[in-house]
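Source file: input.txt. Holds: compact mmCIF, C-alpha atoms.
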```txt
# COMPACT_ATOMS: atom_id res chain seq x y z
CA MET A 1 1.62 -22.61 -39.52
CA ASP A 2 2.45 -24.97 -36.67
CA ASN A 3 3.04 -23.72 -33.14
CA GLU A 4 6.79 -24.26 -33.19
CA ARG A 5 7.13 -22.14 -36.28
CA LEU A 6 4.85 -19.45 -34.86
CA VAL A 7 6.95 -19.25 -31.69
CA ARG A 8 10.15 -19.00 -33.72
CA VAL A 9 8.66 -16.27 -35.88
CA MET A 10 7.46 -14.39 -32.80
CA ASP A 11 10.93 -14.68 -31.27
CA ARG A 12 12.37 -13.37 -34.53
CA GLU A 13 14.35 -16.53 -35.13
CA ILE A 14 12.69 -16.84 -38.53
CA PRO A 15 12.53 -13.61 -40.56
CA ILE A 16 9.07 -12.70 -41.86
CA GLU A 17 10.43 -12.57 -45.42
CA GLU A 18 10.97 -16.33 -45.28
CA LEU A 19 7.30 -17.04 -44.61
CA ARG A 20 4.93 -18.24 -47.26
CA VAL A 21 2.05 -15.99 -48.31
CA GLU A 22 -0.58 -17.96 -46.32
CA GLU A 23 1.72 -17.99 -43.28
CA LYS A 24 2.10 -14.25 -43.55
CA MET A 25 -1.70 -13.92 -43.62
CA GLU A 26 -2.00 -16.11 -40.56
CA LEU A 27 0.66 -14.13 -38.75
CA LYS A 28 -1.12 -10.91 -39.69
CA GLU A 29 -4.31 -12.16 -38.05
CA TYR A 30 -2.38 -13.26 -35.00
CA ALA A 31 -0.73 -9.83 -34.80
CA LYS A 32 -4.16 -8.25 -35.10
CA ALA A 33 -5.28 -10.20 -32.03
CA LEU A 34 -2.21 -8.94 -30.20
CA MET A 35 -3.04 -5.38 -31.19
CA ILE A 36 -6.54 -5.84 -29.82
CA PHE A 37 -5.03 -7.15 -26.63
CA ARG A 38 -2.70 -4.15 -26.44
CA GLU A 39 -5.62 -1.79 -26.87
CA LYS A 40 -7.61 -3.66 -24.26
CA CYS A 41 -4.80 -3.31 -21.72
CA CYS A 42 -3.99 0.31 -22.53
CA TYR A 43 -4.02 2.41 -19.37
CA LYS A 44 -3.89 6.17 -19.10
CA PRO A 45 -3.84 7.40 -15.51
CA SER A 46 -5.97 10.43 -14.79
CA ASN A 47 -4.56 13.59 -13.26
CA GLN A 48 -6.72 12.90 -10.24
CA SER A 49 -5.08 9.55 -9.54
CA ARG A 50 -1.65 11.11 -10.13
CA ASP A 51 -2.40 13.80 -7.56
CA ARG A 52 -3.71 11.19 -5.12
CA VAL A 53 -0.54 9.10 -5.37
CA ILE A 54 1.77 12.10 -5.02
CA ALA A 55 -0.25 13.44 -2.06
CA LYS A 56 0.01 10.03 -0.41
CA ILE A 57 3.78 10.00 -0.92
CA LYS A 58 4.12 13.52 0.49
CA LYS A 59 2.10 12.45 3.51
CA MET A 60 4.27 9.38 4.03
CA LYS A 61 7.38 11.51 3.69
CA THR A 62 6.31 13.83 6.50
CA LYS A 63 4.95 11.04 8.71
CA PRO A 64 8.13 10.56 10.84
CA TYR A 65 8.35 14.32 11.46
CA ARG A 66 4.67 14.49 12.42
CA MET A 67 5.14 11.56 14.80
CA LEU A 68 8.22 13.18 16.31
CA GLY A 69 6.31 16.44 16.75
CA THR A 70 3.50 14.62 18.54
CA VAL A 71 5.92 12.83 20.88
CA VAL A 72 7.74 16.09 21.70
CA ALA A 73 4.43 17.89 22.32
CA CYS A 74 3.29 15.07 24.65
CA MET A 75 6.59 15.21 26.53
CA VAL A 76 6.38 18.99 26.97
CA VAL A 77 2.78 18.80 28.20
CA GLY A 78 3.73 15.92 30.55
CA PHE A 79 6.71 17.80 31.92
CA PHE A 80 4.70 20.93 32.64
CA SER A 81 1.86 18.92 34.18
CA VAL A 82 4.18 17.06 36.55
CA ASN A 83 6.00 20.27 37.33
CA PHE A 84 2.74 22.10 38.01
CA PHE A 85 1.30 19.41 40.26
CA THR A 86 4.52 18.96 42.24
CA ASN A 87 5.02 22.65 42.83
CA ASN A 88 1.40 23.58 43.40
CA THR A 89 -0.50 21.74 46.11
CA ILE A 90 -3.53 22.60 48.18
CA LEU A 91 -3.32 21.03 51.60
CA VAL A 92 -6.65 19.91 52.96
CA LYS A 93 -7.37 19.03 56.59
CA ARG A 94 -10.42 17.85 58.51
CA LYS A 95 -12.08 20.82 60.13
CA GLY A 96 -10.51 21.38 63.52
CA ASP A 97 -7.89 18.66 63.00
CA LEU A 98 -4.86 20.12 64.64
CA TYR A 99 -2.67 17.17 63.74
CA GLN A 100 -3.02 18.02 60.02
CA LEU A 101 -2.31 21.65 60.78
CA ALA A 102 0.78 20.59 62.67
CA ASN A 103 1.88 18.62 59.59
CA VAL A 104 1.53 21.72 57.46
CA LEU A 105 3.45 23.80 59.93
CA GLY A 106 6.15 21.11 60.23
CA TYR A 107 5.58 20.17 63.88
CA SER A 108 4.52 16.63 63.24
CA SER A 109 5.64 14.47 66.11
CA GLY A 110 2.47 12.37 65.62
CA LEU A 111 3.46 11.66 62.04
CA ASN A 112 6.79 10.24 63.13
CA GLU A 113 4.91 7.99 65.52
CA ARG A 114 2.74 6.81 62.67
CA LEU A 115 5.76 6.12 60.47
CA LYS A 116 7.38 4.14 63.24
CA VAL A 117 4.28 2.02 63.52
CA ASN A 118 4.28 1.43 59.78
CA LEU A 119 7.94 0.42 59.68
CA LEU A 120 7.49 -2.09 62.45
CA ALA A 121 4.33 -3.56 61.00
CA THR A 122 4.16 -6.89 59.15
CA VAL A 123 3.65 -6.96 55.40
CA ASP A 124 -0.10 -7.51 55.73
CA THR A 125 -0.48 -4.78 58.30
CA GLN A 126 1.66 -2.49 56.13
CA ASN A 127 -0.61 -3.14 53.13
CA ARG A 128 -3.69 -2.59 55.24
CA ASN A 129 -2.18 0.63 56.60
CA SER A 130 -1.33 1.91 53.15
CA VAL A 131 -4.78 0.98 51.82
CA ALA A 132 -6.37 2.74 54.78
CA MET A 133 -4.17 5.77 54.21
CA MET A 134 -5.11 5.85 50.52
CA GLU A 135 -8.78 5.56 51.40
CA SER A 136 -8.57 8.42 53.88
CA GLU A 137 -6.67 10.52 51.31
CA MET A 138 -9.37 9.80 48.72
CA GLU A 139 -12.10 10.66 51.17
CA ARG A 140 -10.32 13.85 52.04
CA SER A 141 -9.75 14.96 48.40
CA LEU A 142 -13.14 13.92 47.04
CA GLY A 143 -14.98 15.26 50.05
CA PHE A 144 -13.24 18.57 49.66
CA LEU A 145 -13.93 18.75 45.93
CA SER A 146 -17.53 17.54 45.85
CA SER A 147 -19.20 19.26 48.80
CA ARG A 148 -20.02 22.89 49.42
CA PRO A 149 -17.77 24.62 52.03
CA GLU A 150 -20.53 24.82 54.66
CA GLN A 151 -21.42 21.10 54.26
CA ASN A 152 -17.80 20.06 54.01
CA ASN A 153 -15.86 18.34 56.74
CA PHE A 154 -12.62 19.53 55.23
CA GLU A 155 -10.97 22.87 54.82
CA VAL A 156 -7.87 24.26 53.20
CA SER A 157 -4.99 24.12 55.62
CA GLY A 158 -2.41 25.65 53.33
CA ILE A 159 -1.49 26.44 49.71
CA ASN A 160 1.90 25.61 48.39
CA THR A 161 2.66 27.31 45.07
CA THR A 162 5.53 28.77 43.08
CA TYR A 163 3.17 31.02 41.11
CA MET B 1 15.86 11.52 -17.46
CA ASP B 2 18.99 9.64 -16.39
CA GLU B 3 17.91 6.50 -14.49
CA LYS B 4 20.75 6.80 -11.97
CA LYS B 5 19.72 10.35 -11.08
CA LEU B 6 16.11 9.24 -10.79
CA ILE B 7 17.00 6.35 -8.46
CA ASP B 8 19.11 8.71 -6.38
CA GLY B 9 16.16 11.09 -6.07
CA LEU B 10 13.85 8.22 -5.16
CA LYS B 11 16.23 7.03 -2.46
CA LYS B 12 16.40 10.54 -1.04
CA LYS B 13 12.57 10.55 -1.09
CA LYS B 14 12.39 13.61 -3.32
CA VAL B 15 8.87 14.35 -4.48
CA TRP B 16 10.00 15.38 -7.99
CA ALA B 17 11.52 11.92 -8.45
CA TYR B 18 8.21 10.25 -7.62
CA GLU B 19 6.42 12.61 -10.01
CA VAL B 20 8.83 11.67 -12.80
CA LEU B 21 8.52 7.99 -11.91
CA TYR B 22 4.75 8.19 -12.02
CA ASP B 23 4.69 10.00 -15.36
CA ASP B 24 7.14 7.54 -16.91
CA TYR B 25 5.95 4.25 -15.48
CA ALA B 26 2.31 4.50 -14.35
CA PRO B 27 0.87 3.89 -17.87
CA ARG B 28 3.16 0.89 -18.45
CA LEU B 29 2.56 -0.60 -15.01
CA GLY B 30 -1.15 0.09 -15.28
CA SER B 31 -1.38 -1.79 -18.56
CA VAL B 32 0.45 -4.80 -17.10
CA ILE B 33 -1.88 -4.75 -14.08
CA LYS B 34 -4.87 -4.42 -16.38
CA SER B 35 -3.75 -7.35 -18.48
CA TYR B 36 -3.34 -9.49 -15.39
CA LEU B 37 -6.33 -8.48 -13.26
CA GLY B 38 -8.83 -7.39 -15.84
CA TYR B 39 -10.28 -3.98 -15.06
CA ASP B 40 -10.71 -4.23 -11.33
CA ASP B 41 -8.63 -2.16 -8.95
CA VAL B 42 -6.09 -0.90 -11.52
CA GLU B 43 -5.78 2.53 -9.93
CA ASP B 44 -5.58 1.07 -6.42
CA VAL B 45 -2.89 -1.39 -7.45
CA VAL B 46 -0.90 1.33 -9.23
CA GLN B 47 -1.08 3.41 -6.05
CA GLU B 48 0.03 0.43 -3.98
CA VAL B 49 2.99 -0.10 -6.31
CA PHE B 50 4.19 3.46 -5.77
CA ILE B 51 3.74 3.21 -2.01
CA LYS B 52 5.75 -0.01 -2.01
CA VAL B 53 8.44 1.67 -4.10
CA PHE B 54 8.58 4.53 -1.59
CA ARG B 55 8.95 2.10 1.32
CA ASN B 56 11.44 -0.27 -0.31
CA ILE B 57 13.52 1.86 -2.64
CA ARG B 58 16.52 1.56 -0.30
CA LYS B 59 16.47 -2.20 -0.90
CA PHE B 60 16.87 -1.67 -4.63
CA ARG B 61 20.52 -2.48 -5.28
CA GLY B 62 20.50 -1.66 -8.97
CA ASP B 63 21.37 -5.21 -10.10
CA ALA B 64 18.33 -5.21 -12.37
CA LYS B 65 16.77 -2.42 -14.40
CA LEU B 66 14.41 -0.14 -12.50
CA SER B 67 11.59 -1.10 -14.86
CA THR B 68 12.11 -4.81 -14.12
CA TRP B 69 11.99 -4.12 -10.39
CA LEU B 70 8.80 -2.09 -10.81
CA TYR B 71 7.16 -4.76 -12.96
CA ARG B 72 8.06 -7.34 -10.35
CA ILE B 73 6.43 -5.31 -7.57
CA ALA B 74 3.34 -4.82 -9.72
CA VAL B 75 3.07 -8.52 -10.57
CA ASN B 76 3.50 -9.52 -6.91
CA ILE B 77 0.77 -7.10 -5.82
CA CYS B 78 -1.49 -8.45 -8.57
CA LYS B 79 -0.87 -12.01 -7.35
CA ASP B 80 -1.67 -10.95 -3.77
CA THR B 81 -4.83 -9.20 -4.95
CA LEU B 82 -5.96 -12.28 -6.85
CA SER B 83 -5.27 -14.67 -3.97
CA LYS B 84 -7.05 -12.30 -1.55
CA ARG B 85 -10.06 -12.23 -3.85
CA LYS B 86 -10.05 -16.01 -4.11
CA ARG B 87 -9.72 -16.38 -0.34
CA ASN B 88 -12.62 -14.07 0.27
CA ASN B 89 -14.65 -15.86 -2.41
CA GLU B 90 -15.16 -12.58 -4.08
CA PHE B 91 -16.73 -12.49 -7.45
CA LEU B 92 -13.95 -12.38 -9.98
CA THR B 93 -14.73 -9.87 -12.63
CA ASP B 94 -14.51 -11.63 -15.89
CA PHE B 95 -12.38 -10.00 -18.49
CA LEU B 96 -15.36 -10.29 -20.81
CA GLU B 97 -17.68 -8.32 -18.60
CA SER B 98 -15.67 -5.15 -18.73
CA GLU B 99 -15.84 -4.76 -22.48
CA ASP B 100 -18.15 -1.80 -22.06
CA LYS B 101 -15.45 0.10 -20.24
CA VAL B 102 -13.16 -0.29 -23.24
CA SER B 103 -15.64 1.31 -25.52
CA ILE B 104 -16.38 4.04 -22.98
CA GLU B 105 -12.83 5.12 -22.32
CA PRO B 106 -10.64 4.06 -25.21
CA PRO B 107 -7.19 5.60 -25.44
CA ALA B 108 -6.72 8.14 -28.20
CA SER B 109 -5.02 5.69 -30.53
CA THR B 110 -7.85 3.19 -30.23
CA ASN B 111 -10.29 5.19 -32.29
CA VAL B 112 -7.94 5.21 -35.26
CA PHE B 113 -7.24 1.55 -34.73
CA ARG B 114 -10.89 0.66 -34.53
CA GLU B 115 -11.66 2.59 -37.68
CA VAL B 116 -9.45 0.29 -39.73
CA MET B 117 -11.14 -2.80 -38.29
CA ASP B 118 -14.73 -3.66 -38.76
CA GLU B 119 -16.74 -3.68 -35.56
CA MET B 120 -17.49 -7.37 -35.77
CA SER B 121 -13.89 -8.53 -35.86
CA PHE B 122 -12.97 -6.13 -33.07
CA GLU B 123 -15.58 -7.55 -30.73
CA GLU B 124 -14.80 -11.10 -31.77
CA LEU B 125 -11.11 -10.71 -31.13
CA MET B 126 -11.85 -8.99 -27.82
CA SER B 127 -13.72 -12.03 -26.62
CA VAL B 128 -10.95 -14.36 -27.79
CA VAL B 129 -8.30 -12.43 -25.85
CA SER B 130 -10.58 -12.44 -22.82
CA LYS B 131 -10.64 -16.21 -22.75
CA LEU B 132 -6.93 -16.45 -21.97
CA SER B 133 -5.91 -17.15 -18.38
CA GLU B 134 -4.32 -14.40 -16.24
CA ASP B 135 -0.85 -15.94 -16.52
CA ASP B 136 -1.13 -16.40 -20.28
CA ARG B 137 -2.25 -12.82 -20.68
CA LEU B 138 0.63 -11.57 -18.58
CA LEU B 139 3.24 -13.57 -20.49
CA ILE B 140 1.93 -12.49 -23.87
CA LYS B 141 1.72 -8.91 -22.69
CA LEU B 142 5.28 -8.83 -21.39
CA ARG B 143 6.87 -10.64 -24.32
CA ASP B 144 4.84 -9.96 -27.44
CA ILE B 145 3.51 -6.52 -26.61
CA ASP B 146 6.04 -4.90 -24.27
CA ASP B 147 8.88 -6.74 -26.01
CA LEU B 148 10.77 -7.68 -22.85
CA SER B 149 13.53 -10.28 -23.05
CA TYR B 150 13.05 -13.77 -21.64
CA GLU B 151 15.63 -12.96 -18.95
CA GLU B 152 13.71 -9.87 -17.84
CA ILE B 153 10.43 -11.78 -17.74
CA ALA B 154 12.11 -14.57 -15.77
CA GLU B 155 13.34 -11.99 -13.26
CA ILE B 156 9.92 -10.33 -12.99
CA LEU B 157 8.13 -13.62 -12.45
CA ASP B 158 10.93 -15.12 -10.37
CA LYS B 159 10.99 -18.23 -12.57
CA PRO B 160 13.77 -19.86 -14.60
CA VAL B 161 14.12 -18.74 -18.22
CA GLY B 162 13.26 -22.25 -19.44
CA THR B 163 9.97 -22.24 -17.55
CA VAL B 164 9.09 -18.83 -18.96
CA LYS B 165 9.85 -20.03 -22.50
CA SER B 166 7.72 -23.14 -22.18
CA ARG B 167 4.82 -21.27 -20.52
CA LEU B 168 4.89 -18.61 -23.19
CA HIS B 169 4.94 -21.34 -25.81
CA TYR B 170 1.71 -22.74 -24.36
CA ALA B 171 0.18 -19.28 -23.98
CA ARG B 172 0.81 -18.50 -27.64
CA LYS B 173 -0.47 -21.93 -28.62
CA ARG B 174 -3.63 -21.31 -26.58
CA LEU B 175 -4.19 -17.92 -28.23
CA LYS B 176 -3.66 -19.45 -31.66
CA GLU B 177 -6.12 -22.23 -30.87
CA LEU B 178 -8.71 -19.74 -29.66
CA LEU B 179 -8.27 -17.73 -32.87
CA GLU B 180 -8.65 -20.92 -34.88
CA GLU B 181 -11.79 -21.85 -32.94
CA VAL B 182 -13.52 -18.67 -34.06
CA GLY B 183 -12.21 -19.25 -37.53
CA TYR B 184 -9.97 -16.24 -37.50
CA ILE B 185 -6.82 -18.02 -38.59
CA GLY B 186 -5.91 -21.39 -40.10
CA GLN B 187 -8.84 -21.54 -42.49
```

Mind turning this structure into structure tokens?
Amino acid sequence: MDNERLVRVMDREIPIEELRVEEKMELKEYAKALMIFREKCCYKPSNQSRDRVIAKIKKMKTKPYRMLGTVVACMVVGFFSVNFFTNNTILVKRKGDLYQLANVLGYSSGLNERLKVNLLATVDTQNRNSVAMMESEMERSLGFLSSRPEQNNFEVSGINTTY
Amino acid sequence: MDEKKLIDGLKKKKVWAYEVLYDDYAPRLGSVIKSYLGYDDVEDVVQEVFIKVFRNIRKFRGDAKLSTWLYRIAVNICKDTLSKRKRNNEFLTDFLESEDKVSIEPPASTNVFREVMDEMSFEELMSVVSKLSEDDRLLIKLRDIDDLSYEEIAEILDKPVGTVKSRLHYARKRLKELLEEVGYIGQ
């Protein structure tokens, strides 16, 4: 059987009844090869792979909700942290530094003087001032946290808390 | 189950719809993937198909049959897998090499089928089928085994109907030639 005829038979354009006996035999062998191919490709998914796919889909389905939950949790924690640190402060002053104590008590004429100086300063001086202020703040906080009270140059000047 | 109801369930991301989809289509998709790729990665590709369905089901407009859309996704993933393998110079598992797996895990019907064939012809024909190219195997699988129309195959492969017809013509010719080479037909 030539290829053209085979294709037409396979596409059912030529009924099998019209084929000659030897053509029918040839077609039978061809069909046998196709059956082998079908068997070779046969796929039966296991229950395990079914469960894996369904579990994956369930996980993907809940993913947006899980993400939303995480974002909300982060926001709540952030809000409470900011709230806690703004409402609860420990004021630290250098031992015997009355200026700091005056700040705490609200009688800070010296502070106003300092601010005036800062406002009138040039950009470079302003930066230097703010860097110096940051450094002194760092020194104050770290010194207070790291050293023992008797070796410490700093002491608590006041506690501001809502709790 | 009614296809419209199933698609509706899939679009609403209902788990039962994906369970039904898996039960109905996983064997069919798996066999197409197996015919195209050989035996490698069938389960992984099937899983990838279902994940892609989950992500893209809203894009399914219903112009084509659901099965055609699924076949198309499966074929595209197979093509990606093959090109990835080629890019990475991975060793391509020959269709021939996985013959053992067939004899280890044959489907229930296979035993009956094999009983009516002598062992020699079964193995011989296995090796003949293995010599076909991936594209030839896919075309023969879709048309002569799954009995899809030329239009459906054209849609799955994203090729004109004429191209599909001529490629299938050559695939069948190639299979016939291979069968003739081993003296199975045309003697």

Subject >> Asp80 (chain B) surroundings by only C-alpha atoms, 12 Å radius, close-in-sequence under 5 positions cut, as an NGL selection string >> reply: :B and (36-37 or 45 or 48 or 73-75 or 85-87)

**OP:** Please provide the set of residues having any atom within 12 Å of Ala154 (chain B), restricted to all atoms listed in the file, with same-chain residues fewer than 3 positions apart removed, written as a PyMOL selection string.
**Re:** chain B and resi 64+68-69+71-72+139+142-143+148-151+157-168

Original post:
Of the residues A:Phe37, A:Phe84, A:Phe79, A:Phe154, which is the one nearest to chain B, using only C-alpha atoms?
Top reply: A:Phe37

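Take CA of Tyr25 (chain B) and CA of Leu6 (chain B): the distance between them is 12.3 Å.
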
Each residue of chain A with at least one atom at most 10 Å from chain B should appear once, together with its nearest atom pair and the corresponding distance in Å (one decimal); atoms considered: all atoms listed in the file; ordering: chain, then increasing residue number; output as CSV.
```
residue,atom,partner,partner_atom,distance
A:Met1,CA,B:Gly186,CA,7.7
A:Asp2,CA,B:Lys173,CA,9.1
A:Asn3,CA,B:Lys173,CA,6.0
A:Glu4,CA,B:His169,CA,8.1
A:Leu6,CA,B:Arg172,CA,8.3
A:Val7,CA,B:His169,CA,6.6
A:Arg8,CA,B:His169,CA,9.8
A:Met10,CA,B:Asp144,CA,7.4
A:Asp11,CA,B:Asp144,CA,8.6
A:Glu22,CA,B:Gly186,CA,8.9
A:Glu23,CA,B:Gly186,CA,8.9
A:Met25,CA,B:Ile185,CA,8.3
A:Glu26,CA,B:Ile185,CA,5.5
A:Leu27,CA,B:Ile185,CA,8.4
A:Lys28,CA,B:Ile185,CA,9.2
A:Glu29,CA,B:Ile185,CA,6.4
A:Tyr30,CA,B:Lys176,CA,7.1
A:Ala31,CA,B:Asp144,CA,9.2
A:Lys32,CA,B:Leu125,CA,8.4
A:Ala33,CA,B:Leu125,CA,5.9
A:Leu34,CA,B:Ile145,CA,7.2
A:Met35,CA,B:Ile145,CA,8.1
A:Ile36,CA,B:Met126,CA,6.5
A:Phe37,CA,B:Val129,CA,6.3
A:Arg38,CA,B:Ile145,CA,6.6
A:Glu39,CA,B:Thr110,CA,6.4
A:Lys40,CA,B:Val102,CA,6.6
A:Cys41,CA,B:Ser31,CA,4.9
A:Cys42,CA,B:Ser31,CA,5.2
A:Tyr43,CA,B:Ser31,CA,5.0
A:Lys44,CA,B:Pro27,CA,5.4
A:Pro45,CA,B:Pro27,CA,6.3
A:Ser46,CA,B:Glu43,CA,9.3
A:Ser49,CA,B:Glu43,CA,7.1
A:Arg50,CA,B:Tyr22,CA,7.3
A:Asp51,CA,B:Glu19,CA,9.2
A:Arg52,CA,B:Gln47,CA,8.3
A:Val53,CA,B:Gln47,CA,5.8
A:Ile54,CA,B:Glu19,CA,6.8
A:Ala55,CA,B:Val15,CA,9.5
A:Lys56,CA,B:Ile51,CA,7.9
A:Ile57,CA,B:Ile51,CA,6.9
A:Lys58,CA,B:Val15,CA,6.9
A:Met60,CA,B:Phe54,CA,8.6
A:Lys61,CA,B:Lys13,CA,7.1
```

Residue selection dump (C-alpha atoms) as a short mmCIF file (atom, residue, chain, number, x, y, z; two decimals), in the frame of the given file:
```
data_model
loop_
_atom_site.label_atom_id
_atom_site.label_comp_id
_atom_site.auth_asym_id
_atom_site.auth_seq_id
_atom_site.Cartn_x
_atom_site.Cartn_y
_atom_site.Cartn_z
CA MET A 1 1.62 -22.61 -39.52
CA ASP A 2 2.45 -24.97 -36.67
CA ASN A 3 3.04 -23.72 -33.14
CA GLU A 4 6.79 -24.26 -33.19
CA LEU A 6 4.85 -19.45 -34.86
CA VAL A 7 6.95 -19.25 -31.69
CA ARG A 8 10.15 -19.00 -33.72
CA MET A 10 7.46 -14.39 -32.80
CA ASP A 11 10.93 -14.68 -31.27
CA GLU A 22 -0.58 -17.96 -46.32
CA GLU A 23 1.72 -17.99 -43.28
CA MET A 25 -1.70 -13.92 -43.62
CA GLU A 26 -2.00 -16.11 -40.56
CA LEU A 27 0.66 -14.13 -38.75
CA LYS A 28 -1.12 -10.91 -39.69
CA GLU A 29 -4.31 -12.16 -38.05
CA TYR A 30 -2.38 -13.26 -35.00
CA ALA A 31 -0.73 -9.83 -34.80
CA LYS A 32 -4.16 -8.25 -35.10
CA ALA A 33 -5.28 -10.20 -32.03
CA LEU A 34 -2.21 -8.94 -30.20
CA MET A 35 -3.04 -5.38 -31.19
CA ILE A 36 -6.54 -5.84 -29.82
CA PHE A 37 -5.03 -7.15 -26.63
CA ARG A 38 -2.70 -4.15 -26.44
CA GLU A 39 -5.62 -1.79 -26.87
CA LYS A 40 -7.61 -3.66 -24.26
CA CYS A 41 -4.80 -3.31 -21.72
CA CYS A 42 -3.99 0.31 -22.53
CA TYR A 43 -4.02 2.41 -19.37
CA LYS A 44 -3.89 6.17 -19.10
CA PRO A 45 -3.84 7.40 -15.51
CA SER A 46 -5.97 10.43 -14.79
CA SER A 49 -5.08 9.55 -9.54
CA ARG A 50 -1.65 11.11 -10.13
CA ASP A 51 -2.40 13.80 -7.56
CA ARG A 52 -3.71 11.19 -5.12
CA VAL A 53 -0.54 9.10 -5.37
CA ILE A 54 1.77 12.10 -5.02
CA ALA A 55 -0.25 13.44 -2.06
CA LYS A 56 0.01 10.03 -0.41
CA ILE A 57 3.78 10.00 -0.92
CA LYS A 58 4.12 13.52 0.49
CA MET A 60 4.27 9.38 4.03
CA LYS A 61 7.38 11.51 3.69
#
```
